[in-house]
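Enquirer: Take this structure first; my questions come after.
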Protein chains: 2
Amino acid sequence: MVNRQHTRILILGGGFGGVYTAMTLERLLKRDPSVEIGLVSKENYLVFQPLLPEVISGSIGILDTITSIRRLCPNTSLYNREVISIDPKKKIVTTSSGFQPRPYQLEYDHLVIALGNITSFVGQPGIQEHALPFKYLGDALVLRNHIIHALEEADIETNPELRRAILTFVVAGGGFSGVESVAELNDYVRAGARSFRNVNPEEIRVVLLHAGPLILPELPEDLARFAQRLLQRRGVEIHLNTRLAGATAEYALLDGGERIPTKTLVSTVPSGPNPLVAALPCKKENGRIVVNEYLEVPDYAGVWAAGDCAWVLDRKTGHPCPPTAQHAIREARCLAKNIVATMRGHPKQAFAYRAIGKLGALGRRSAVAEILGVKLSGVVPWLLWRAIYLMKMPGLDRKIRVATDWFLDLILPPDIVQIKTEKSGGIGREHFEPGEVIFRQGDRGDRLYVIVDGEVEVVKEEFGKGEIALARRGPGECFGEMALVSDTPRTATVRSRTSLNVLTMHREAFHGLFAHFPLLRSLFQQLIEQRIHVPVQFKGEHHAETGQD
Amino acid sequence: MVNRQHTRILILGGGFGGVYTAMTLERLLKRDPSVEIGLVSKENYLVFQPLLPEVISGSIGILDTITSIRRLCPNTSLYNREVISIDPKKKIVTTSSGFQPRPYQLEYDHLVIALGNITSFVGQPGIQEHALPFKYLGDALVLRNHIIHALEEADIETNPELRRAILTFVVAGGGFSGVESVAELNDYVRAGARSFRNVNPEEIRVVLLHAGPLILPELPEDLARFAQRLLQRRGVEIHLNTRLAGATAEYALLDGGERIPTKTLVSTVPSGPNPLVAALPCKKENGRIVVNEYLEVPDYAGVWAAGDCAWVLDRKTGHPCPPTAQHAIREARCLAKNIVATMRGHPKQAFAYRAIGKLGALGRRSAVAEILGVKLSGVVPWLLWRAIYLMKMPGLDRKIRVATDWFLDLILPPDIVQIKTEKSGGIGREHFEPGEVIFRQGDRGDRLYVIVDGEVEVVKEEFGKGEIALARRGPGECFGEMALVSDTPRTATVRSRTSLNVLTMHREAFHGLFAHFPLLRSLFQQLIEQRIHVPVQFKGEHHAETGQD
């Protein structure tokens with residue numbers, strides 16, 4: 001497939017940076033047969049990020065915030081794989097495997113790195129395990145289904161404390177992404193709750209946590225104040241000067257030590273450098289690849305970078321360009337032109353762009369905007385917001401679909417169907433703060449726990465005698481195996497003594513392995529016999545050796 | 001919540017039978033405060049099954065084939081849980097747990113069992129593991145994404161044999177469900193392929209397997225022949241008098257021994273009784289609950305059954321009613337009236353219904369139908385099909401959304417975006433026929449295998465020497481651990497010696513457990529040392545005890 005006389009341009013990343021580079025190259029090169037354009041993306045679509053929050057409320061169809069990359073750049077070879085490694089010396093990129101477990105390698109002459117950044121919760125205990133991220137289409141779908149699940153559970157839950165936690169929704173981060181998400185979430189949960197007989201709208205609590213003194217730091221103060229008042233009027237509780245410090249399955253932990261009991265915690269704040277970018281030997285600032293004014297990576301001929309993973313200096317202000325779609329698109333266009341100029345021996349063009357404006361949607365029929373210095377708030381910028389994004393959305397079919405969605409959304413009630421596509425039943429991770437109950441005597445045994453770090457105590461509640469301490473377990477030890485092995489309710493209560501991280505293996509996975517893997521079975525048999533000091537008869541075990549039946 | 005003076009009617013199942021029972025009860029009882037209606041359903045929506053095949057091609061939006069149960073029966077308490085057990089003696093139903101691992105119990109005075117049947121592939125080796133079912137909304141989504149994944153992979157695959165397998169799509173079952181699915185699949189894959197640069201439409205093979213001499217046995221012969229010819233003309237290869245006998249990850253196995261290499265096998269055929277129904281002590285026929293003419297379960301006062309899980313005799317023909325939506329809806333209505341009659345001491349009404357007609361869609365603008373004895377084929381029944389289903393679809397909002405979808409589908413190209421929501425990385429199952437390669441020396445090690453039954457041989461390919469047999473492994477033994485533990489490519493090839501079933505544990509799950517669970521680590525350490533007779537240095541293991549560094 002690879003013709004050595006061709007110039008091979010390989011683009012990594014299917015976001016705005018990568019896709020607009022490919023689109024611009026196609027336009028400039030006009031099917032030049034001597035150039036091959038390849039694009040590696042782990043999804044075969046471009047997500048139109050600004051509309052992602054609308055997926056929560058379903059005011060836009062699930063598929064309508066995304067556009068097929070193949071349709072946008074029909075003359076580019078799309079590799080729908082994940083990038084595994086980049087070797088800038090040998091000029092080889094390795095991708096993940098497809099139906100067969102074989103590495104797939106791509107060679108290049110020009111490499112465009114547009115891998116974006118990733119959601120990273122490192123350093124905040126429990127956030128990785130218990131907060132929902134909000135960055136990809138999949139995240140929006142998961143959040144949407146989680147909200148409906150919470151309403152479903154609240155509808156039949158009688159324990160008032162648990163009801164309160166289930167009906168509390170916390171969003172961390174008061175920037176654009178957090179504000180737009182909390183606005184959509186608030187509208188959706190309050191409208192959807194009307195269809196639930198036993199959920200009183202006054203029970204619903206939607207909380208926004210923001211580290212600064214005023215939300216939307218990207219906007220002028222008066223617009224931010226307008227947004228803040230509007231959200232509050234619509235029922236969003238805003239905690240300013242408050243950071244999310246941690247989380248468990250039961251609550252959000254604030255930096256002042258306060259705990260907000262919740263089953264739905266969304267974190268829109270942290271993003272870290274892509275590990276692939278981190279592994280590159282080139283110069284970086286804040287984890288982003290430093291490029292020159294032509295968007296080339298210095299010292300690596302033929303390597304370019306654009307978008308959120310690139311450190312592009314605004315020549316007028318001396319500040320780096322913000323990680324927004326507007327900038328990624330302009331960088332991509334400039335970069336594509338410079339690659340073509342390089343190939344043709346023409347002079348390159350320095351990157352220069354000033355953002356036209358900023359727009360933030362606040363849910364039903366409201367927005368704030370600053371466009372060319374003019375400040376707007378209320379329904380006018382909201383209409384503007386919709387008009388601009390409809391215009392910007394790539395692909396005519398998507399424009400039509402989104403316009404139709406918006407029209408239907410005006411006249412139809414919100415969807416409250418819950419699509420469960422993810423199977424549980426694998427290996428998971430959980431975090432507990434000190435002194436928390438991990439499971440209670442009498443509960444159904446649904447998983448095995450392995451301690452990664454921290455310590456637990458095992459206690460038995462005996463009627464009339466109170467608690468009897470049975471044992472302590474530390475790193476590398478497991479607990480909770482008894483109820484799984486013998487298929488009985490939990491025989492003891494387990495509590496964390498310290499901050500605790502555990503690995504969990506769900507019932508189904510455990511039973512699958514346990515039934516068919518004698519090595520593992522005898523391991524647990526020994527373990528349990530050691531612990532309870534009597535021989536164990538296992539459920540489902542075949543006693544081929546015993547003479548009796 | 002439970003008032004003892006009330007009559008509690010509990011309905012199990014959220015299909016047509018269950019939901020229409022609740023709807024009819026609400027209509028008849030007019031908010032009677034002395035009656036509580038409860039419905040347990042594992043999904044909070046009713047799937048409009050006849051439109052499910054259209055989800056494959058996306059001619060209907062993902063959410064538009066389903067309707068919120070809460071909106072359909074607003075005065076019914078919906079328990080969005082799975083039924084775990086039914087105790088007809090104590091009159092208690094136990095459901096799965098929600099956010100907390102506690103069993104949830106519901107008492108009843110009247111119980112309506114409308115649990116349907118389930119997909120069951122027992123007895124056909126490999127079908128459970130490698131065929132895609134087609135019954136629930138989730139199945140339709142999985143199939144849709146799988147088809148796009150296949151096109152994506154075919155677009156970059158150069159091995160001609162593998163390309164052929166990737167571009168072969170096999171549907172087993174020539175009844176209504178199989179025919180409608182294969183028609184939509186065929187239309188979709190051929191239209192979608194146009195956006196893939198390296199996929200030639202002539203490479204695509206769509207195969208329908210049918211056990212009988214003619215597809216659509218539910219319809220008169222001439223209509224079935226029309227359908228058969230039409231599908232063949234559109235490129236569907238129809239294998240008559242052919243049964244699916246088994247499957248592996250590489251091919252579909254036919255009962256004559258023929259193998260069709262494919263990566264996409266859909267089975268619409270087998271359905272078995274719901275295990276909950278099977279566990280009930282009442283009388284059954286073919287796994288369905290025998291009811292009297294009033295749809296009561298004899299000998300169990302207050303227990304009723306309707307829909308696919310009920311054995312209802314047609315009094316005119318003496319045959320059981322077929323498991324269709326038409327019948328389930330009529331049974332539900334009759335059953336609801338009889339519950340109300342019983343409560344009020346009125347006479348009950350015997351069930352009687354004759355189906356008005358049969359309709360089968362054949363993809364773009366074609367259908368076959370027999371309505372009140374009149375046979376129709378082509379575009380007229382297709383328009384009729386759409387009109388009837390639009391009319392029958394419950395809920396005005398869904399009618400509007402479906403009508404809009406159909407309109408947009410006429411003018412816009414099909415969607416080819418692939419939504420990946422499922423995470424791999426857990427515990428899986430696979431089947432191999434004798435003599436197959438499970439993995440090859442040099443492959444990337446992506447999973448550990450545990451043998452459930454069967455035997456494998458481990459061989460090493462040495463350059464110039466050919467194959468050297470290293471070992472054999474049998475039930476309960478594992479293989480493939482080496483490449484995972486040391487993070488190197490596979491050091492040997494493993495082949496099945498017999499028919500083989502294995503449990504797999506994916507790389508990520510293995511590494512999670514391995515890194516944090518010393519018991520497991522030492523187990524594999526011992527195992528590998530035994531196998532290769534030298535001490536093993538483990539990747540990622542900390543040597544706290546060694547003095548050197």
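Each chain in the structure tokens gets a letter, A, B and so on, in the order shown; residues start at 1 in every chain, and ligands are counted from 1 in the order they appear.
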For chain B, which residues have at least one atom within 7 Å of chain A, if we go by only C-alpha atoms? Write them as a PyMOL selection string, please.
Expert: chain B and resi 44-45+68+70-71+79-80+98+101-102+138+152-153+156+195+397+412+416-418+421-422+426-427+443-444+450+452+476-477+509+516-518
Enquirer: Quick one: which range 245-275 of chain B residues come within 10 Å of range 119-134 of chain B, and what is the nearest atom pair for each with the distance in Å to one decimal, counting only C-alpha atoms, rows ordered by chain and ascending number, as a tab-separated table?
Expert:
```
residue	atom	partner	partner_atom	distance
B:Ala245	CA	B:Gln124	CA	6.1
B:Gly246	CA	B:Pro125	CA	5.0
B:Ala247	CA	B:Gly126	CA	4.6
B:Thr248	CA	B:Gly126	CA	5.6
B:Ala249	CA	B:His130	CA	5.8
B:Glu250	CA	B:His130	CA	8.9
B:Tyr251	CA	B:His130	CA	9.1
B:Ala252	CA	B:Ala131	CA	8.7
B:Leu253	CA	B:Gly126	CA	9.4
B:Lys263	CA	B:His130	CA	8.7
B:Thr264	CA	B:Ala131	CA	7.4
B:Leu265	CA	B:Ala131	CA	5.0
B:Val266	CA	B:Leu132	CA	4.7
B:Ser267	CA	B:Pro133	CA	5.4
B:Thr268	CA	B:Phe134	CA	5.6
B:Val269	CA	B:Thr119	CA	8.4
B:Pro270	CA	B:Ser120	CA	5.8
B:Ser271	CA	B:Thr119	CA	4.3
B:Gly272	CA	B:Ser120	CA	5.2
B:Pro273	CA	B:Ser120	CA	8.3
B:Asn274	CA	B:Thr119	CA	8.8
```
Enquirer: Could you turn the residues from that selection into a file that holds all heavy atoms, as a CSV table (one decimal), in the first residue's frame?
Expert:
```
chain,number,residue,atom,x,y,z
B,245,ALA,N,-24.8,-24.8,13.1
B,245,ALA,CA,-24.4,-25.9,14.1
B,245,ALA,C,-23.5,-25.4,15.2
B,245,ALA,O,-23.4,-26.1,16.2
B,245,ALA,CB,-23.8,-27.1,13.3
B,246,GLY,N,-22.8,-24.4,14.9
B,246,GLY,CA,-21.8,-23.9,15.9
B,246,GLY,C,-21.1,-22.7,15.4
B,246,GLY,O,-21.3,-22.2,14.3
B,247,ALA,N,-20.2,-22.1,16.2
B,247,ALA,CA,-19.4,-20.9,15.8
B,247,ALA,C,-18.1,-20.8,16.6
B,247,ALA,O,-18.0,-21.3,17.7
B,247,ALA,CB,-20.3,-19.7,16.0
B,248,THR,N,-17.2,-20.2,15.9
B,248,THR,CA,-16.0,-19.8,16.6
B,248,THR,C,-15.7,-18.3,16.3
B,248,THR,O,-16.6,-17.7,15.6
B,248,THR,CB,-14.7,-20.6,16.1
B,248,THR,OG1,-14.4,-20.1,14.8
B,248,THR,CG2,-15.0,-22.0,16.1
B,249,ALA,N,-14.7,-17.7,16.8
B,249,ALA,CA,-14.4,-16.3,16.5
B,249,ALA,C,-14.1,-16.1,15.0
B,249,ALA,O,-14.1,-15.0,14.5
B,249,ALA,CB,-13.2,-15.8,17.4
B,250,GLU,N,-13.8,-17.2,14.3
B,250,GLU,CA,-13.4,-17.2,12.9
B,250,GLU,C,-14.4,-17.5,11.9
B,250,GLU,O,-14.4,-17.1,10.8
B,250,GLU,CB,-12.1,-18.1,12.7
B,250,GLU,CG,-11.0,-18.0,13.7
B,250,GLU,CD,-10.3,-16.6,13.6
B,250,GLU,OE1,-10.2,-16.1,12.5
B,250,GLU,OE2,-9.8,-16.2,14.7
B,251,TYR,N,-15.4,-18.4,12.3
B,251,TYR,CA,-16.4,-18.8,11.3
B,251,TYR,C,-17.7,-19.3,11.9
B,251,TYR,O,-17.8,-19.5,13.1
B,251,TYR,CB,-15.8,-19.9,10.4
B,251,TYR,CG,-15.3,-21.1,11.1
B,251,TYR,CD1,-16.1,-22.1,11.6
B,251,TYR,CD2,-13.9,-21.2,11.4
B,251,TYR,CE1,-15.7,-23.2,12.3
B,251,TYR,CE2,-13.4,-22.3,12.1
B,251,TYR,CZ,-14.3,-23.3,12.5
B,251,TYR,OH,-13.9,-24.4,13.2
B,252,ALA,N,-18.7,-19.4,11.0
B,252,ALA,CA,-19.9,-20.0,11.3
B,252,ALA,C,-19.9,-21.4,10.8
B,252,ALA,O,-19.4,-21.7,9.7
B,252,ALA,CB,-21.1,-19.3,10.7
B,253,LEU,N,-20.3,-22.4,11.7
B,253,LEU,CA,-20.2,-23.8,11.3
B,253,LEU,C,-21.6,-24.3,10.9
B,253,LEU,O,-22.6,-24.1,11.7
B,253,LEU,CB,-19.7,-24.6,12.5
B,253,LEU,CG,-19.5,-26.1,12.3
B,253,LEU,CD1,-18.5,-26.4,11.3
B,253,LEU,CD2,-19.1,-26.7,13.7
B,263,LYS,N,-16.8,-12.6,10.7
B,263,LYS,CA,-16.6,-11.9,12.0
B,263,LYS,C,-17.9,-11.4,12.6
B,263,LYS,O,-18.0,-10.8,13.6
B,263,LYS,CB,-15.6,-10.8,11.9
B,263,LYS,CG,-14.2,-11.2,11.5
B,263,LYS,CD,-13.5,-11.8,12.6
B,263,LYS,CE,-12.1,-12.3,12.3
B,263,LYS,NZ,-11.5,-13.0,13.4
B,264,THR,N,-19.0,-11.6,11.8
B,264,THR,CA,-20.3,-11.1,12.2
B,264,THR,C,-21.4,-12.2,12.0
B,264,THR,O,-21.8,-12.4,10.9
B,264,THR,CB,-20.7,-9.8,11.4
B,264,THR,OG1,-19.6,-8.9,11.3
B,264,THR,CG2,-21.9,-9.2,12.0
B,265,LEU,N,-21.8,-12.8,13.1
B,265,LEU,CA,-22.8,-13.8,13.0
B,265,LEU,C,-23.9,-13.4,13.9
B,265,LEU,O,-23.7,-13.2,15.1
B,265,LEU,CB,-22.2,-15.2,13.5
B,265,LEU,CG,-23.2,-16.3,13.7
B,265,LEU,CD1,-23.9,-16.7,12.4
B,265,LEU,CD2,-22.4,-17.5,14.2
B,266,VAL,N,-25.1,-13.3,13.3
B,266,VAL,CA,-26.3,-12.9,14.1
B,266,VAL,C,-27.2,-14.1,14.2
B,266,VAL,O,-27.5,-14.7,13.2
B,266,VAL,CB,-27.0,-11.7,13.4
B,266,VAL,CG1,-28.2,-11.2,14.2
B,266,VAL,CG2,-26.1,-10.6,13.1
B,267,SER,N,-27.7,-14.4,15.4
B,267,SER,CA,-28.6,-15.5,15.5
B,267,SER,C,-29.9,-15.0,16.0
B,267,SER,O,-30.0,-14.4,17.1
B,267,SER,CB,-28.1,-16.6,16.4
B,267,SER,OG,-29.0,-17.6,16.5
B,268,THR,N,-31.0,-15.2,15.2
B,268,THR,CA,-32.3,-14.7,15.6
B,268,THR,C,-33.2,-15.9,16.0
B,268,THR,O,-34.3,-15.7,16.4
B,268,THR,CB,-33.0,-13.9,14.5
B,268,THR,OG1,-33.2,-14.8,13.4
B,268,THR,CG2,-32.2,-12.8,14.0
B,269,VAL,N,-32.6,-17.1,16.0
B,269,VAL,CA,-33.5,-18.2,16.1
B,269,VAL,C,-33.9,-18.6,17.6
B,269,VAL,O,-35.0,-18.4,18.0
B,269,VAL,CB,-32.9,-19.5,15.5
B,269,VAL,CG1,-33.8,-20.7,15.6
B,269,VAL,CG2,-32.4,-19.2,14.1
B,270,PRO,N,-33.0,-18.9,18.4
B,270,PRO,CA,-33.4,-19.7,19.6
B,270,PRO,C,-33.9,-18.8,20.7
B,270,PRO,O,-33.4,-17.8,21.0
B,270,PRO,CB,-32.1,-20.4,20.0
B,270,PRO,CG,-31.0,-19.9,19.1
B,270,PRO,CD,-31.5,-18.7,18.4
B,271,SER,N,-35.0,-19.3,21.3
B,271,SER,CA,-35.4,-18.6,22.5
B,271,SER,C,-35.8,-19.7,23.5
B,271,SER,O,-36.4,-20.7,23.1
B,271,SER,CB,-36.5,-17.6,22.3
B,271,SER,OG,-37.6,-18.3,21.6
B,272,GLY,N,-35.5,-19.5,24.7
B,272,GLY,CA,-35.8,-20.5,25.7
B,272,GLY,C,-36.7,-19.9,26.8
B,272,GLY,O,-36.9,-18.7,26.8
B,273,PRO,N,-37.2,-20.7,27.7
B,273,PRO,CA,-38.1,-20.2,28.7
B,273,PRO,C,-37.3,-19.3,29.7
B,273,PRO,O,-36.1,-19.6,29.9
B,273,PRO,CB,-38.6,-21.4,29.4
B,273,PRO,CG,-37.7,-22.5,29.1
B,273,PRO,CD,-37.1,-22.2,27.8
B,274,ASN,N,-37.9,-18.3,30.2
B,274,ASN,CA,-37.3,-17.5,31.3
B,274,ASN,C,-37.0,-18.4,32.5
B,274,ASN,O,-37.9,-19.1,32.9
B,274,ASN,CB,-38.3,-16.4,31.6
B,274,ASN,CG,-37.6,-15.3,32.4
B,274,ASN,OD1,-37.0,-15.6,33.5
B,274,ASN,ND2,-37.8,-14.1,32.0
```
Enquirer: If you run DSSP on the backbone, which residues of range 285-412 of chain B are strand (DSSP E), as a PyMOL selection string?
Expert: chain B and resi 285+288-290+303-305+310-311+357-361+367-371+374-378
Enquirer: Quote the spacing between CA of Leu470 in chain A and CA of Val485 in chain A in Å to one decimal place.
Expert: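 If I compute the distance from CA of Leu470 in chain A to CA of Val485 in chain A, I get 19.3 Å.
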Enquirer: To one decimal in Å, tell me the separation between CA of Met482 in chain A and CA of Ala278 in chain B.
Expert: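 That distance, rounded to one decimal, is 28.9 Å.
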